[in-house]
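Coordinates from input_18.tsv are shown below (TSV, C-alpha atoms).
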```tsv
chain	number	residue	atom	x	y	z
Z	1	MET	CA	81.54	36.22	-22.50
Z	2	LYS	CA	78.63	38.54	-21.78
Z	3	ARG	CA	75.31	37.29	-23.13
Z	4	THR	CA	73.22	39.86	-24.99
Z	5	LYS	CA	69.45	40.11	-24.82
Z	6	GLN	CA	67.41	39.20	-27.85
Z	7	ARG	CA	64.93	41.62	-29.39
Z	8	GLY	CA	63.92	39.45	-32.32
Z	9	THR	CA	62.53	40.65	-35.61
Z	10	ILE	CA	58.84	41.38	-36.21
Z	11	VAL	CA	57.71	40.75	-39.79
Z	12	ARG	CA	54.46	40.50	-41.76
Z	13	HIS	CA	53.46	37.04	-42.91
Z	14	ARG	CA	50.12	36.06	-44.47
Z	15	GLY	CA	48.02	38.53	-42.52
Z	16	TRP	CA	49.88	38.07	-39.23
Z	17	TRP	CA	52.62	39.81	-37.31
Z	18	VAL	CA	55.29	37.16	-36.71
Z	19	LEU	CA	58.23	37.28	-34.32
Z	20	ARG	CA	61.41	35.68	-35.61
Z	21	TYR	CA	64.23	34.88	-33.20
Z	22	ARG	CA	66.96	32.37	-32.45
Z	23	GLU	CA	66.98	29.91	-29.58
Z	24	LYS	CA	69.42	27.37	-28.18
Z	25	VAL	CA	67.76	23.97	-27.78
Z	26	GLY	CA	68.76	20.46	-26.78
Z	27	VAL	CA	66.88	18.32	-29.30
Z	28	GLY	CA	68.44	14.88	-29.38
Z	29	GLY	CA	70.56	15.82	-26.37
Z	30	ILE	CA	72.80	17.95	-28.59
Z	31	LEU	CA	73.01	21.69	-27.98
Z	32	ARG	CA	72.35	23.73	-31.11
Z	33	THR	CA	70.80	27.00	-32.23
Z	34	VAL	CA	67.59	27.03	-34.25
Z	35	ASN	CA	65.56	29.72	-35.96
Z	36	ARG	CA	62.11	30.12	-34.41
Z	37	ALA	CA	58.99	31.98	-35.53
Z	38	LYS	CA	55.89	32.72	-33.48
Z	39	ARG	CA	52.65	34.46	-34.42
Z	40	LEU	CA	51.97	37.51	-32.26
Z	41	ALA	CA	48.69	38.98	-33.55
Z	42	PRO	CA	46.71	39.47	-36.76
Z	43	ILE	CA	47.36	42.62	-38.76
Z	44	ASP	CA	44.29	44.72	-37.88
Z	45	SER	CA	43.22	48.12	-36.57
Z	46	ARG	CA	44.63	47.34	-33.09
Z	47	HIS	CA	47.96	46.14	-34.43
Z	48	LYS	CA	48.93	48.45	-37.28
Z	49	THR	CA	52.60	48.95	-36.56
Z	50	ARG	CA	55.55	46.96	-35.30
Z	51	ALA	CA	55.74	49.21	-32.25
Z	52	SER	CA	52.29	48.03	-31.13
Z	53	LEU	CA	53.66	44.46	-31.00
Z	54	ARG	CA	56.77	45.17	-28.97
Z	55	GLN	CA	55.25	44.21	-25.60
Z	56	LEU	CA	53.91	40.92	-27.01
Z	57	ALA	CA	57.34	40.19	-28.44
Z	58	SER	CA	58.98	40.98	-25.09
Z	59	ASP	CA	56.67	38.51	-23.34
Z	60	VAL	CA	57.75	35.76	-25.73
Z	61	LEU	CA	61.46	36.57	-25.39
Z	62	GLU	CA	61.44	37.20	-21.63
Z	63	PRO	CA	62.15	33.56	-20.56
Z	64	LEU	CA	65.04	33.40	-23.04
Z	65	ASN	CA	66.52	36.68	-21.86
Z	66	ARG	CA	66.23	35.64	-18.20
Z	67	TYR	CA	68.29	32.54	-19.00
Z	68	SER	CA	66.07	30.72	-16.46
Z	69	VAL	CA	65.89	27.56	-18.55
Z	70	SER	CA	68.82	25.38	-19.54
Z	71	PRO	CA	68.96	25.02	-23.32
Z	72	PHE	CA	69.25	21.26	-22.84
Z	73	CYS	CA	65.71	21.33	-21.37
Z	74	VAL	CA	64.24	23.03	-24.45
Z	75	THR	CA	63.07	20.32	-26.80
Z	76	THR	CA	60.11	18.94	-28.74
Z	77	VAL	CA	57.42	16.62	-27.44
Z	78	GLY	CA	58.63	13.87	-29.76
Z	79	ASP	CA	62.24	14.14	-28.63
Z	80	PHE	CA	61.28	14.14	-24.94
Z	81	VAL	CA	58.94	11.15	-25.25
Z	82	SER	CA	61.26	8.96	-27.34
Z	83	ARG	CA	64.58	9.94	-25.72
Z	84	ILE	CA	63.58	10.46	-22.07
Z	85	TYR	CA	60.07	9.38	-21.12
Z	86	LEU	CA	59.73	5.97	-22.79
Z	87	PRO	CA	63.18	4.80	-21.59
Z	88	PHE	CA	62.11	5.83	-18.08
Z	89	VAL	CA	58.90	3.80	-18.48
Z	90	GLU	CA	60.90	0.78	-19.66
Z	91	GLN	CA	62.92	0.90	-16.43
Z	92	GLN	CA	60.14	1.68	-13.95
Z	93	LYS	CA	56.98	0.02	-15.28
Z	94	ARG	CA	55.90	-3.53	-15.98
Z	95	PRO	CA	56.76	-4.80	-19.52
Z	96	SER	CA	53.07	-4.98	-20.45
Z	97	THR	CA	52.55	-1.37	-19.31
Z	98	ALA	CA	55.61	-0.17	-21.23
Z	99	ARG	CA	54.36	-1.90	-24.37
Z	100	GLY	CA	50.95	-0.23	-23.98
Z	101	TYR	CA	52.60	3.19	-23.63
Z	102	ARG	CA	54.68	2.67	-26.77
Z	103	HIS	CA	51.54	1.61	-28.65
Z	104	VAL	CA	49.60	4.74	-27.57
Z	105	TRP	CA	52.47	7.02	-28.56
Z	106	SER	CA	53.24	5.47	-31.96
Z	107	LYS	CA	49.66	4.81	-33.08
Z	108	TYR	CA	47.74	7.85	-31.85
Z	109	LEU	CA	50.01	10.73	-30.86
Z	110	LYS	CA	53.40	10.75	-32.57
Z	111	LEU	CA	52.36	12.17	-35.94
Z	112	ARG	CA	50.14	14.78	-34.30
Z	113	CYS	CA	52.42	16.29	-31.68
Z	114	GLU	CA	56.02	15.14	-32.09
Z	115	HIS	CA	57.16	18.51	-33.54
Z	116	ALA	CA	55.42	20.68	-30.92
Z	117	TRP	CA	57.79	22.43	-28.51
Z	118	MET	CA	57.37	20.97	-25.04
Z	119	ARG	CA	57.28	24.26	-23.15
Z	120	GLU	CA	54.77	25.85	-25.50
Z	121	VAL	CA	52.01	23.22	-25.36
Z	122	LYS	CA	48.73	24.61	-24.01
Z	123	THR	CA	45.44	23.01	-23.06
Z	124	HIS	CA	43.86	24.03	-26.37
Z	125	ASP	CA	46.60	22.12	-28.21
Z	126	VAL	CA	45.91	18.97	-26.21
Z	127	GLN	CA	42.17	19.38	-26.77
Z	128	GLN	CA	42.71	19.64	-30.51
Z	129	TRP	CA	44.79	16.46	-30.52
Z	130	LEU	CA	42.08	14.60	-28.62
Z	131	ASN	CA	39.39	15.92	-30.98
Z	132	ASP	CA	41.40	14.83	-34.02
Z	133	ILE	CA	41.96	11.36	-32.58
Z	134	ALA	CA	38.26	10.98	-31.77
Z	135	SER	CA	37.21	12.20	-35.24
Z	136	GLU	CA	39.42	9.85	-37.23
Z	137	VAL	CA	37.57	6.99	-38.91
Z	138	ARG	CA	39.54	3.76	-38.72
Z	139	LYS	CA	39.17	0.41	-40.46
Z	140	SER	CA	39.20	-3.13	-39.18
Z	141	GLY	CA	38.79	-5.41	-42.17
Z	142	GLU	CA	35.65	-4.16	-43.93
Z	143	ASN	CA	34.29	-2.39	-40.84
Z	144	GLU	CA	34.78	1.28	-39.99
Z	145	TYR	CA	34.92	2.56	-36.44
Z	146	ARG	CA	36.01	5.44	-34.21
Z	147	LEU	CA	37.94	5.11	-30.97
Z	148	SER	CA	35.79	4.84	-27.87
Z	149	LYS	CA	35.83	7.20	-24.91
Z	150	THR	CA	37.69	4.54	-22.94
Z	151	THR	CA	40.57	4.37	-25.43
Z	152	ILE	CA	40.77	8.16	-25.73
Z	153	SER	CA	40.88	8.33	-21.94
Z	154	HIS	CA	43.96	6.08	-22.07
Z	155	VAL	CA	45.54	8.47	-24.57
Z	156	LYS	CA	44.80	11.45	-22.32
Z	157	ASN	CA	46.25	9.66	-19.28
Z	158	PHE	CA	49.41	8.91	-21.24
Z	159	MET	CA	49.85	12.58	-22.19
Z	160	SER	CA	49.20	13.70	-18.63
Z	161	GLY	CA	51.95	11.35	-17.44
Z	162	VAL	CA	54.33	12.76	-20.05
Z	163	PHE	CA	53.87	16.36	-18.90
Z	164	ARG	CA	53.93	15.45	-15.23
Z	165	PHE	CA	57.29	13.71	-15.71
Z	166	ALA	CA	58.53	16.62	-17.88
Z	167	ALA	CA	57.75	19.05	-15.05
Z	168	GLN	CA	59.61	16.81	-12.59
Z	169	GLN	CA	62.68	16.77	-14.86
Z	170	GLY	CA	62.69	20.50	-15.65
Z	171	PHE	CA	61.46	20.23	-19.23
Z	172	PHE	CA	58.13	21.92	-18.50
Z	173	ASP	CA	57.57	24.64	-15.91
Z	174	ASP	CA	54.31	26.35	-16.79
Z	175	GLY	CA	52.99	25.37	-13.36
Z	176	LYS	CA	49.92	23.58	-14.71
Z	177	ASN	CA	49.68	20.30	-16.55
Z	178	PRO	CA	48.11	21.32	-19.92
Z	179	VAL	CA	46.33	17.96	-20.16
Z	180	LYS	CA	44.39	18.30	-16.92
Z	181	LEU	CA	41.66	20.63	-18.19
Z	182	ALA	CA	41.26	18.91	-21.57
Z	183	GLU	CA	38.11	16.81	-21.94
Z	184	ILE	CA	37.25	13.57	-23.70
Z	185	PRO	CA	35.20	14.59	-26.80
Z	186	ALA	CA	31.51	14.03	-26.15
Z	187	PHE	CA	30.93	12.77	-29.70
Z	188	ALA	CA	33.26	9.79	-29.21
Z	189	PRO	CA	31.29	6.52	-28.93
Z	190	SER	CA	31.03	4.78	-25.59
Z	191	GLY	CA	33.13	1.65	-25.27
Z	192	GLN	CA	31.67	-1.80	-24.83
Z	193	GLU	CA	31.37	-2.75	-21.19
Z	194	GLY	CA	33.45	-5.76	-20.21
Z	195	ARG	CA	31.35	-8.89	-19.81
Z	196	ALA	CA	31.42	-11.38	-16.94
Z	197	TYR	CA	30.88	-15.12	-17.34
Z	198	SER	CA	27.83	-16.34	-15.46
Z	199	LEU	CA	28.09	-19.24	-13.03
Z	200	GLU	CA	26.03	-21.33	-15.43
Z	201	GLU	CA	28.48	-20.67	-18.29
Z	202	ILE	CA	31.46	-21.47	-16.08
Z	203	VAL	CA	30.03	-24.79	-14.88
Z	204	GLN	CA	29.22	-25.77	-18.46
Z	205	MET	CA	32.75	-24.90	-19.64
Z	206	ILE	CA	34.30	-27.00	-16.88
Z	207	ARG	CA	32.01	-29.91	-17.77
Z	208	ILE	CA	32.67	-29.99	-21.53
Z	209	LEU	CA	36.33	-28.93	-21.84
Z	210	PRO	CA	39.15	-31.53	-21.92
Z	211	GLU	CA	41.98	-31.51	-19.41
Z	212	PRO	CA	44.00	-29.53	-18.58
Z	213	ALA	CA	41.80	-26.75	-20.02
Z	214	SER	CA	38.95	-27.67	-17.68
Z	215	THR	CA	41.14	-27.23	-14.58
Z	216	VAL	CA	42.65	-24.01	-15.93
Z	217	VAL	CA	39.14	-22.59	-16.38
Z	218	ALA	CA	38.14	-23.74	-12.89
Z	219	THR	CA	41.21	-22.05	-11.41
Z	220	ALA	CA	40.56	-18.81	-13.29
Z	221	ALA	CA	36.86	-18.78	-12.38
Z	222	PHE	CA	37.11	-19.77	-8.71
Z	223	SER	CA	40.28	-17.90	-7.73
Z	224	GLY	CA	39.99	-14.71	-9.80
Z	225	LEU	CA	43.65	-14.80	-10.84
Z	226	ARG	CA	44.74	-12.57	-13.70
Z	227	LEU	CA	46.09	-14.24	-16.82
Z	228	GLY	CA	49.72	-13.51	-15.92
Z	229	GLU	CA	49.13	-14.78	-12.39
Z	230	LEU	CA	47.62	-18.01	-13.73
Z	231	ARG	CA	50.75	-18.58	-15.79
Z	232	GLY	CA	52.94	-17.69	-12.82
Z	233	ALA	CA	51.21	-20.01	-10.32
Z	234	ARG	CA	53.56	-22.69	-8.92
Z	235	TRP	CA	53.00	-25.84	-6.89
Z	236	GLU	CA	55.21	-24.50	-4.11
Z	237	ASP	CA	52.80	-21.54	-3.80
Z	238	TYR	CA	49.83	-23.85	-3.17
Z	239	GLU	CA	48.83	-25.03	0.30
Z	240	SER	CA	46.18	-27.74	0.39
Z	241	SER	CA	43.67	-27.66	3.24
Z	242	GLY	CA	44.76	-29.54	6.33
Z	243	GLU	CA	41.29	-29.99	7.75
Z	244	SER	CA	37.95	-30.88	6.24
Z	245	ASP	CA	36.32	-27.58	7.19
Z	246	SER	CA	39.22	-25.34	6.10
Z	247	LEU	CA	40.19	-24.01	2.69
Z	248	GLY	CA	43.46	-24.34	0.84
Z	249	MET	CA	45.44	-21.23	-0.08
Z	250	LEU	CA	47.14	-20.23	-3.30
Z	251	HIS	CA	49.80	-17.57	-2.71
Z	252	VAL	CA	50.11	-15.09	-5.58
Z	253	ASN	CA	53.83	-14.26	-5.78
Z	254	ARG	CA	54.57	-13.66	-9.44
Z	255	SER	CA	53.12	-12.84	-12.84
Z	256	ILE	CA	54.32	-13.84	-16.33
Z	257	TRP	CA	53.75	-11.76	-19.46
Z	258	ARG	CA	55.28	-12.87	-22.78
Z	259	GLY	CA	58.14	-14.62	-21.05
Z	260	HIS	CA	58.79	-11.75	-18.62
Z	261	ILE	CA	58.60	-12.94	-15.01
Z	262	GLY	CA	57.77	-10.20	-12.52
Z	263	GLU	CA	55.81	-9.21	-9.45
Z	264	PRO	CA	51.99	-9.19	-9.41
Z	265	LYS	CA	50.33	-6.04	-10.72
Z	266	THR	CA	50.14	-4.18	-7.39
Z	267	LYS	CA	51.29	-4.61	-3.79
Z	268	ALA	CA	47.72	-5.49	-2.83
Z	269	SER	CA	47.76	-8.27	-5.43
Z	270	LYS	CA	50.60	-10.12	-3.70
Z	271	LYS	CA	48.61	-12.16	-1.21
Z	272	ALA	CA	46.95	-15.55	-0.79
Z	273	VAL	CA	43.68	-16.54	-2.46
Z	274	PRO	CA	41.31	-19.08	-0.80
Z	275	VAL	CA	40.86	-22.34	-2.73
Z	276	ILE	CA	37.38	-23.84	-2.50
Z	277	PRO	CA	37.01	-27.66	-2.18
Z	278	MET	CA	35.81	-28.12	-5.77
Z	279	LEU	CA	38.92	-26.38	-7.11
Z	280	ALA	CA	41.20	-28.15	-4.61
Z	281	GLU	CA	39.92	-31.53	-5.80
Z	282	ARG	CA	40.60	-30.63	-9.42
Z	283	LEU	CA	44.09	-29.36	-8.63
Z	284	GLU	CA	44.96	-32.61	-6.84
Z	285	LYS	CA	43.74	-34.67	-9.81
Z	286	HIS	CA	45.74	-32.43	-12.15
Z	287	ARG	CA	48.86	-32.84	-9.99
Z	288	LYS	CA	48.58	-36.64	-10.15
Z	289	ALA	CA	48.02	-36.53	-13.91
Z	290	VAL	CA	51.29	-34.62	-14.47
Z	291	GLY	CA	53.46	-36.81	-12.18
Z	292	ASN	CA	52.92	-35.38	-8.68
Z	293	PRO	CA	55.38	-32.47	-8.89
Z	294	VAL	CA	56.21	-30.55	-5.72
Z	295	ASN	CA	57.42	-27.43	-7.48
Z	296	GLY	CA	57.33	-25.72	-10.86
Z	297	PRO	CA	54.42	-24.24	-12.83
Z	298	ILE	CA	50.98	-25.62	-11.99
Z	299	PHE	CA	50.10	-25.37	-15.68
Z	300	ALA	CA	53.20	-26.37	-17.62
Z	301	ASN	CA	53.87	-27.26	-21.25
Z	302	SER	CA	55.79	-30.32	-22.47
Z	303	LEU	CA	59.10	-28.56	-21.68
Z	304	GLY	CA	58.09	-27.83	-18.09
Z	305	LYS	CA	57.69	-24.11	-18.82
Z	306	PRO	CA	54.54	-22.07	-18.02
Z	307	SER	CA	51.83	-22.81	-20.59
Z	308	ASP	CA	50.73	-20.24	-23.15
Z	309	LEU	CA	47.07	-20.09	-22.14
Z	310	ASP	CA	46.00	-18.14	-25.22
Z	311	ALA	CA	47.48	-20.93	-27.34
Z	312	LEU	CA	45.67	-23.45	-25.11
Z	313	TYR	CA	42.40	-21.70	-25.94
Z	314	ARG	CA	43.09	-21.80	-29.68
Z	315	ARG	CA	44.16	-25.47	-29.72
Z	316	ARG	CA	41.95	-27.14	-27.12
Z	317	MET	CA	39.05	-24.85	-26.22
Z	318	LYS	CA	37.87	-22.74	-29.14
Z	319	ASP	CA	36.09	-25.42	-31.19
Z	320	VAL	CA	34.53	-27.06	-28.14
Z	321	LEU	CA	33.06	-23.79	-26.87
Z	322	THR	CA	31.85	-22.81	-30.34
Z	323	ARG	CA	29.97	-26.08	-30.74
Z	324	ALA	CA	28.39	-25.57	-27.32
Z	325	GLY	CA	27.25	-22.07	-28.25
Z	326	ILE	CA	29.37	-20.40	-25.53
Z	327	ARG	CA	30.83	-17.05	-26.55
Z	328	TRP	CA	34.47	-16.66	-25.51
Z	329	GLU	CA	35.28	-13.23	-24.08
Z	330	GLY	CA	38.83	-13.82	-22.88
Z	331	TRP	CA	40.45	-14.92	-19.63
Z	332	HIS	CA	39.78	-11.68	-17.77
Z	333	CYS	CA	36.03	-12.31	-17.90
Z	334	PHE	CA	36.52	-15.08	-15.34
Z	335	ARG	CA	37.81	-12.45	-12.92
Z	336	ARG	CA	34.77	-10.25	-13.54
Z	337	GLY	CA	32.64	-13.36	-13.30
Z	338	LEU	CA	33.90	-14.17	-9.80
Z	339	ALA	CA	33.12	-10.64	-8.62
Z	340	SER	CA	29.66	-10.68	-10.19
Z	341	ASN	CA	28.75	-14.17	-8.99
Z	342	LEU	CA	29.79	-13.33	-5.42
Z	343	ASN	CA	27.71	-10.16	-5.64
Z	344	ARG	CA	24.68	-12.23	-6.73
Z	345	LEU	CA	25.15	-14.22	-3.51
Z	346	HIS	CA	24.94	-10.92	-1.58
Z	347	VAL	CA	28.61	-10.98	-0.54
Z	348	ASP	CA	29.66	-7.53	0.67
Z	349	ASP	CA	31.59	-5.50	-1.92
Z	350	SER	CA	34.52	-5.00	0.45
Z	351	VAL	CA	34.87	-8.79	0.75
Z	352	VAL	CA	34.81	-9.13	-3.06
Z	353	GLN	CA	37.51	-6.45	-3.20
Z	354	SER	CA	39.67	-8.49	-0.82
Z	355	ILE	CA	39.22	-11.70	-2.82
Z	356	LEU	CA	40.19	-9.94	-6.06
Z	357	ARG	CA	43.06	-8.20	-4.23
Z	358	HIS	CA	42.08	-4.70	-5.35
Z	359	SER	CA	43.49	-1.73	-3.45
Z	360	ASP	CA	40.24	0.25	-3.81
Z	361	VAL	CA	36.69	-1.05	-3.51
Z	362	SER	CA	35.46	1.54	-6.02
Z	363	LEU	CA	37.45	-0.24	-8.75
Z	364	THR	CA	35.71	-3.51	-7.85
Z	365	GLN	CA	32.30	-1.86	-7.96
Z	366	ARG	CA	32.90	0.16	-11.11
Z	367	CYS	CA	34.68	-2.34	-13.35
Z	368	TYR	CA	34.17	-5.87	-12.05
Z	369	ILE	CA	30.72	-6.33	-10.54
Z	370	LYS	CA	28.34	-6.76	-13.49
Z	371	THR	CA	24.61	-7.06	-12.93
Z	372	THR	CA	22.25	-8.56	-15.49
Z	373	SER	CA	18.65	-7.81	-16.42
Z	374	SER	CA	17.56	-10.92	-14.52
Z	375	ASP	CA	19.33	-9.58	-11.41
Z	376	ALA	CA	17.47	-6.30	-11.76
Z	377	GLU	CA	14.16	-8.11	-12.31
Z	378	GLU	CA	14.67	-10.30	-9.23
Z	379	ALA	CA	15.58	-7.24	-7.14
Z	380	MET	CA	12.41	-5.44	-8.23
Z	381	LYS	CA	10.33	-8.53	-7.39
Z	382	GLN	CA	11.77	-8.54	-3.89
Z	383	PHE	CA	11.12	-4.81	-3.66
Z	384	SER	CA	7.52	-5.36	-4.75
Z	385	VAL	CA	7.04	-7.97	-2.02
Z	386	GLU	CA	8.44	-5.58	0.57
Z	387	VAL	CA	6.15	-2.77	-0.63
Z	388	SER	CA	3.13	-5.09	-0.33
Z	389	GLU	CA	4.10	-6.08	3.22
Z	390	VAL	CA	4.46	-2.46	4.29
Z	391	GLU	CA	1.11	-1.63	2.71
Z	392	LYS	CA	-0.59	-4.47	4.58
Z	393	ARG	CA	0.84	-3.36	7.89
Z	394	SER	CA	-0.25	0.19	7.18
Z	395	ASN	CA	-3.82	-0.86	6.37
Z	396	CYS	CA	-4.07	-2.80	9.64
Z	397	SER	CA	-3.08	0.20	11.73
Z	398	PRO	CA	-6.11	1.83	13.54
Z	399	LEU	CA	-4.44	5.21	13.40
Z	400	CYS	CA	-4.34	5.56	9.64
Z	401	SER	CA	-7.00	3.28	8.21
Z	402	PRO	CA	-8.36	4.70	4.95
Z	403	ASP	CA	-11.68	2.83	5.44
Z	404	GLU	CA	-12.50	4.58	8.67
Z	405	THR	CA	-15.88	6.31	8.18
Z	406	THR	CA	-16.88	7.19	11.71
Z	407	GLN	CA	-16.09	10.74	12.68
Z	408	THR	CA	-16.20	12.17	16.17
Z	409	VAL	CA	-17.61	15.67	16.45
Z	410	VAL	CA	-16.58	17.69	19.45
Z	411	THR	CA	-18.96	20.48	20.40
Z	412	ILE	CA	-17.55	23.36	22.32
Z	413	GLN	CA	-20.13	24.78	24.77
```
How does the structure come out when it is put into structure tokens?
Amino acid sequence: MKRTKQRGTIVRHRGWWVLRYREKVGVGGILRTVNRAKRLAPIDSRHKTRASLRQLASDVLEPLNRYSVSPFCVTTVGDFVSRIYLPFVEQQKRPSTARGYRHVWSKYLKLRCEHAWMREVKTHDVQQWLNDIASEVRKSGENEYRLSKTTISHVKNFMSGVFRFAAQQGFFDDGKNPVKLAEIPAFAPSGQEGRAYSLEEIVQMIRILPEPASTVVATAAFSGLRLGELRGARWEDYESSGESDSLGMLHVNRSIWRGHIGEPKTKASKKAVPVIPMLAERLEKHRKAVGNPVNGPIFANSLGKPSDLDALYRRRMKDVLTRAGIRWEGWHCFRRGLASNLNRLHVDDSVVQSILRHSDVSLTQRCYIKTTSSDAEEAMKQFSVEVSEVEKRSNCSPLCSPDETTQTVVTIQ
């Protein structure tokens, strides 16, 4: 049957010229026809009659009349995210990543943009969503707060991924990702910078904590393993040193998150980590204490399963650290601590990157190496010494001595 072109109907509505038309859409994966309405222009001296709006109406209807888009690819943001994008994420991403995406969508974006039509979203729409999210005052107990720039950046990255995938699947074809030019609102507060445990704090923790918490902390602090990698570490992945002057190696082959066993975070993460003698000694003592196993989790519970290290903190570590006046900042701070402590020893950043198994040294420098005020003070002291030495050498030079008072006068005959 021959398909006829739509002309739509232009009507007045609350001071605006509005185009009403019908469109076939695929919301929910079911083809149906819906009534649509779109504002064209305000009723003013430039737009007095319906005839003056005909070109604007034609521009809106042109994609429909070209039949260039399958009706099944015309849907809302909410339908695309819940029906297509999040299931894709579940299949392709790590479980922890998929959970984070679901959290961002349900908590920050769903109520704001789920009814927007995918193909009609513009940069100004995205910017308004970000502004609204940044402006909202939230509560945590009795405290009020606003989301930080870091969290809003995560929201923006999520939306950018949604529209990039939509373009790949034919649900968005504007040619430009509408999220790309949107900006994080300047009025949003800056997030708290992640802290790194100092070497002094780490040594004190190891000294005062009971086993096996002490060895777990030593492993986290001296290997830089992520929490999931700590849980996933197995005895068969550990090679003790064969010679007195060599180091053992702990091969990072898997990661465990909430019972999900998977690969390490990135390809670069799947490699061996050197084990220093102090850690090797502790691991051997721990192995003997648990019956000299040759395989299975290095840190296992009573059932032989990987230990829940957050539960270990709550049961065996929290009170001890509180009494000692040590502020707990989570397991990831040991990873930052290793990077920062190596940096204090003047280890090259590229070497720190290799130890942490990052794919890019800029990530190591930006997020993991933390300098303290004492580091800055010591650096300036060294700089002051160097300045003094240069000044002394300069004063001793006969060519530029400031105390030189004798002048030679040359008379031209």
- Mind pulling up the distance from atom CA of Z:Arg258 to atom CA of Z:Ser96? 8.5 Å
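As for atom CA of Z:Ser374 and atom CA of Z:Arg226, they are spaced 27.2 Å apart.
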- Across Z:Asn143, Z:Gln6, Z:Gln192, Z:Thr97, the smallest distance to Z:Glu62, with all atoms listed in the file counted, is shown by Z:Gln6
- Item | Contacts of stretch 202-216 of chain Z within 12 Å, all atoms listed in the file, excl. fewer than 5 positions in-chain, as a VMD selection string | chain Z and resid 196 to 197 221 to 227 229 to 231 233 278 to 290 298 to 301 307 to 328 331 333 to 338 341
- Nearby residues (only C-alpha atoms) at most 9 Å from Z:Gly232, same-chain spacing under 3 positions excluded, as a ChimeraX atom specification: /Z:227-229,252-257,261-262,297-299,306
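You can rank Z:Ile184, Z:Met118, Z:Leu31, Z:Val126 by their closest distance to Z:Val77 using all atoms listed in the file, and at the top of that list sits Z:Met118.
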- Polymer residues at most 9 Å from Z:Arg54, only C-alpha atoms, same-chain spacing of 5 or more positions, as a list in words: Arg7, Ile10 and Asp59 of chain Z
- Kindly extract all protein, DNA and RNA residues lying within 12 Å of the coordinates (41.6, 7.4, -21.8) given in the file, considering all atoms listed in the file, and supply them as number ranges by chain. Z: 101, 104, 108, 130, 133-134, 147-161, 179, 182-185, 188, 190-191
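If you measure from each of Z:Tyr368, Z:Tyr21, Z:Phe165, Z:Phe172 to Z:Glu193 using all atoms listed in the file, the closest one turns out to be Z:Tyr368.
When only C-alpha atoms are used to measure the gap to Z:Arg366, the shortest distance among Z:Lys381, Z:Ala339, Z:Thr76, Z:Arg12 belongs to Z:Ala339.
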- For stretch 352-365 of chain Z, list every protein, DNA or RNA residue within 7 Å, evaluated using all atoms listed in the file, and leave out those in the same chain fewer than 5 positions away; present the list as a PyMOL selection string. chain Z and resi 224+268-269+273+339+342+347
- Which distance in Å separates atom CA of Z:Ser384 and atom CA of Z:Arg344, to one decimal? 18.6 Å
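Residue neighbourhood of Z:Thr49, excluding near-sequence residues (fewer than 3 positions): Z:Ile10, Z:Val11, Z:Arg12, Z:Trp16, Z:Trp17, Z:Ala41, Z:Pro42, Z:Ile43, Z:Asp44, Z:Ser45, Z:Arg46, Z:Ser52, Z:Leu53, Z:Arg54, at 12 Å, using only C-alpha atoms.
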Atoms to include: C-alpha atoms. Write the selected residues as a compact mmCIF listing (two decimals), keeping the file's coordinate frame.
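Wrote it out as again_0.txt, contents follow:
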```txt
# COMPACT_ATOMS: atom_id res chain seq x y z
CA ILE Z 10 58.84 41.38 -36.21
CA VAL Z 11 57.71 40.75 -39.79
CA ARG Z 12 54.46 40.50 -41.76
CA TRP Z 16 49.88 38.07 -39.23
CA TRP Z 17 52.62 39.81 -37.31
CA ALA Z 41 48.69 38.98 -33.55
CA PRO Z 42 46.71 39.47 -36.76
CA ILE Z 43 47.36 42.62 -38.76
CA ASP Z 44 44.29 44.72 -37.88
CA SER Z 45 43.22 48.12 -36.57
CA ARG Z 46 44.63 47.34 -33.09
CA SER Z 52 52.29 48.03 -31.13
CA LEU Z 53 53.66 44.46 -31.00
CA ARG Z 54 56.77 45.17 -28.97
```
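Minimum distance to Z:Arg138 across Z:Lys107, Z:Asn295, Z:Leu345, Z:Lys176 (counting all atoms listed in the file) occurs at Z:Lys107.
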